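Just below is one structure, and these are the notes that go with it.
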Amino acid sequence: MYYVYILTNKTNTVMYIGVTNDLRRRLYEHKNEQSEGFTKKYHTHKLVYFEDYSEVNAAIAREKQLKRWVRAKKIWLVETKNPSWDDWSEGFI
């Protein structure tokens with residue numbers, strides 16, 4: 001399986017979109033700030049949305065599509081499945 005996911009910070013002011021084949025591992029890496037970059041700089045540790053795909057090319061295409069969306073559309077997407085912006089990573093790590 002491949003996952004496209006959206007992370008945010010405590011105040012939901014920044015959003016990060018990524019793709020991985022191991023969501024549990026990737027969330028652990030983000031939460032423990034093991035990689036330099038956007039998620040470490042802005043402390044985006046809160047999983048608020050994800051989709052799963054069986055084909056890597058479909059997941060990558062979706063990630064690219066979501067990254068092109070304006071912020072309002074990304075917020076709409078999160079709120080369709082997670083209106084309270086709960087941290088779904090609790091169930092993964």
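So you can find residues: chains in the structure tokens are A, B, ... in the order shown, residues in each start at 1, and ligands are numbered from 1 in order.
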**Message:** Can you pull out every residue from chain A that DSSP, working from the backbone, puts in alpha helix (DSSP H), and format the result as a PyMOL selection string?
**Reply:** chain A and resi 23-31+38-42+56-68+71-81
**Asked** Near A:His30, within 10 Å and counting only C-alpha atoms, which residues show up once chain neighbours fewer than 2 positions away are dropped, as a ChimeraX atom specification?
**Response** /A:7,25-28,32-36,38-40,43-47
**Message:** Give me, as a list of chain:residue names, all polymer residues having an atom no more than 12 Å from A:Asp86, counting only C-alpha atoms and skipping those fewer than 5 positions away in the same chain.
**Reply:**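 In the requested format, the answer is A:Ile6, A:Leu7, A:Thr8, A:Asn9, A:Lys10, A:Thr11, A:Asn12, A:His45, A:Lys46, A:Leu47, A:Val48, A:Tyr49, A:Val78, A:Glu79, A:Lys81, A:Gly91.
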**Message:** With only C-alpha atoms as the counted atoms, please give the residues lying no more than 7 Å from A:Val19, apart from itself and same-chain residues fewer than 6 positions off, as a VMD selection string.
**Reply:** chain A and resid 3 to 5 59 to 60 63
**Request:** Might you pull out every residue within 8 Å of A:Glu55, with only C-alpha atoms counted and same-chain residues fewer than 2 positions away left off, and present them as a list of chain:residue names?
**Result:**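 Listing them by chain and then by number gives A:Met1, A:Tyr2, A:Tyr53, A:Asn57, A:Ala58, A:Ala59.
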**Request:** as a list of chain:residue names, list the residues of stretch 16-78 of chain A assigned to strand (DSSP E or B) by DSSP on the backbone atoms of this structure.
**Result:**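 Strand (DSSP E or B) assignments inside stretch 16-78 of chain A correspond to A:Tyr16, A:Ile17, A:Gly18, A:Val19, A:Thr20, A:Lys46, A:Leu47, A:Val48, A:Tyr49, A:Phe50, A:Glu51, A:Asp52, A:Tyr53.
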Save out the residues we just selected, N, CA and C atoms, as a PDB file, in the first residue's frame.
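Final output, out.pdb:
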ATOM      1  N   TYR A  16       1.408  20.058   5.371  1.00  0.00           N
ATOM      2  CA  TYR A  16       2.425  19.331   4.626  1.00  0.00           C
ATOM      3  C   TYR A  16       1.749  18.138   3.967  1.00  0.00           C
ATOM      4  N   ILE A  17       2.034  17.924   2.699  1.00  0.00           N
ATOM      5  CA  ILE A  17       1.482  16.785   1.964  1.00  0.00           C
ATOM      6  C   ILE A  17       2.642  15.891   1.546  1.00  0.00           C
ATOM      7  N   GLY A  18       2.504  14.606   1.840  1.00  0.00           N
ATOM      8  CA  GLY A  18       3.555  13.666   1.496  1.00  0.00           C
ATOM      9  C   GLY A  18       2.988  12.356   0.989  1.00  0.00           C
ATOM     10  N   VAL A  19       3.903  11.484   0.527  1.00  0.00           N
ATOM     11  CA  VAL A  19       3.540  10.151   0.056  1.00  0.00           C
ATOM     12  C   VAL A  19       4.553   9.165   0.632  1.00  0.00           C
ATOM     13  N   THR A  20       4.080   7.977   1.008  1.00  0.00           N
ATOM     14  CA  THR A  20       4.957   6.964   1.586  1.00  0.00           C
ATOM     15  C   THR A  20       4.370   5.578   1.372  1.00  0.00           C
ATOM     16  N   LYS A  46       1.014  16.394  13.203  1.00  0.00           N
ATOM     17  CA  LYS A  46      -0.387  15.992  13.399  1.00  0.00           C
ATOM     18  C   LYS A  46      -0.976  15.466  12.080  1.00  0.00           C
ATOM     19  N   LEU A  47      -1.309  14.180  12.052  1.00  0.00           N
ATOM     20  CA  LEU A  47      -1.917  13.570  10.863  1.00  0.00           C
ATOM     21  C   LEU A  47      -3.409  13.897  10.855  1.00  0.00           C
ATOM     22  N   VAL A  48      -3.834  14.659   9.847  1.00  0.00           N
ATOM     23  CA  VAL A  48      -5.244  15.049   9.789  1.00  0.00           C
ATOM     24  C   VAL A  48      -5.991  14.433   8.615  1.00  0.00           C
ATOM     25  N   TYR A  49      -5.247  13.792   7.692  1.00  0.00           N
ATOM     26  CA  TYR A  49      -5.897  13.216   6.518  1.00  0.00           C
ATOM     27  C   TYR A  49      -4.944  12.242   5.843  1.00  0.00           C
ATOM     28  N   PHE A  50      -5.505  11.171   5.277  1.00  0.00           N
ATOM     29  CA  PHE A  50      -4.708  10.293   4.421  1.00  0.00           C
ATOM     30  C   PHE A  50      -5.616   9.512   3.488  1.00  0.00           C
ATOM     31  N   GLU A  51      -5.027   9.069   2.406  1.00  0.00           N
ATOM     32  CA  GLU A  51      -5.681   8.197   1.432  1.00  0.00           C
ATOM     33  C   GLU A  51      -4.725   7.054   1.148  1.00  0.00           C
ATOM     34  N   ASP A  52      -5.254   5.871   0.835  1.00  0.00           N
ATOM     35  CA  ASP A  52      -4.381   4.756   0.498  1.00  0.00           C
ATOM     36  C   ASP A  52      -4.587   4.333  -0.955  1.00  0.00           C
ATOM     37  N   TYR A  53      -3.504   3.857  -1.542  1.00  0.00           N
ATOM     38  CA  TYR A  53      -3.477   3.456  -2.945  1.00  0.00           C
ATOM     39  C   TYR A  53      -2.706   2.152  -3.083  1.00  0.00           C
TER      40      TYR A  53
END
**Asked** Which one of A:Met15, A:Lys31, A:Val56, A:Phe92 sits closest to A:Lys73 if you count only C-alpha atoms?
**Response**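 Residue with the minimum atom-to-atom distance to A:Lys73: A:Met15.
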**Asked** In Å, with one decimal, what is the gap from atom CA of A:Ala72 to atom CA of A:Trp85?
**Response** 14.4 Å
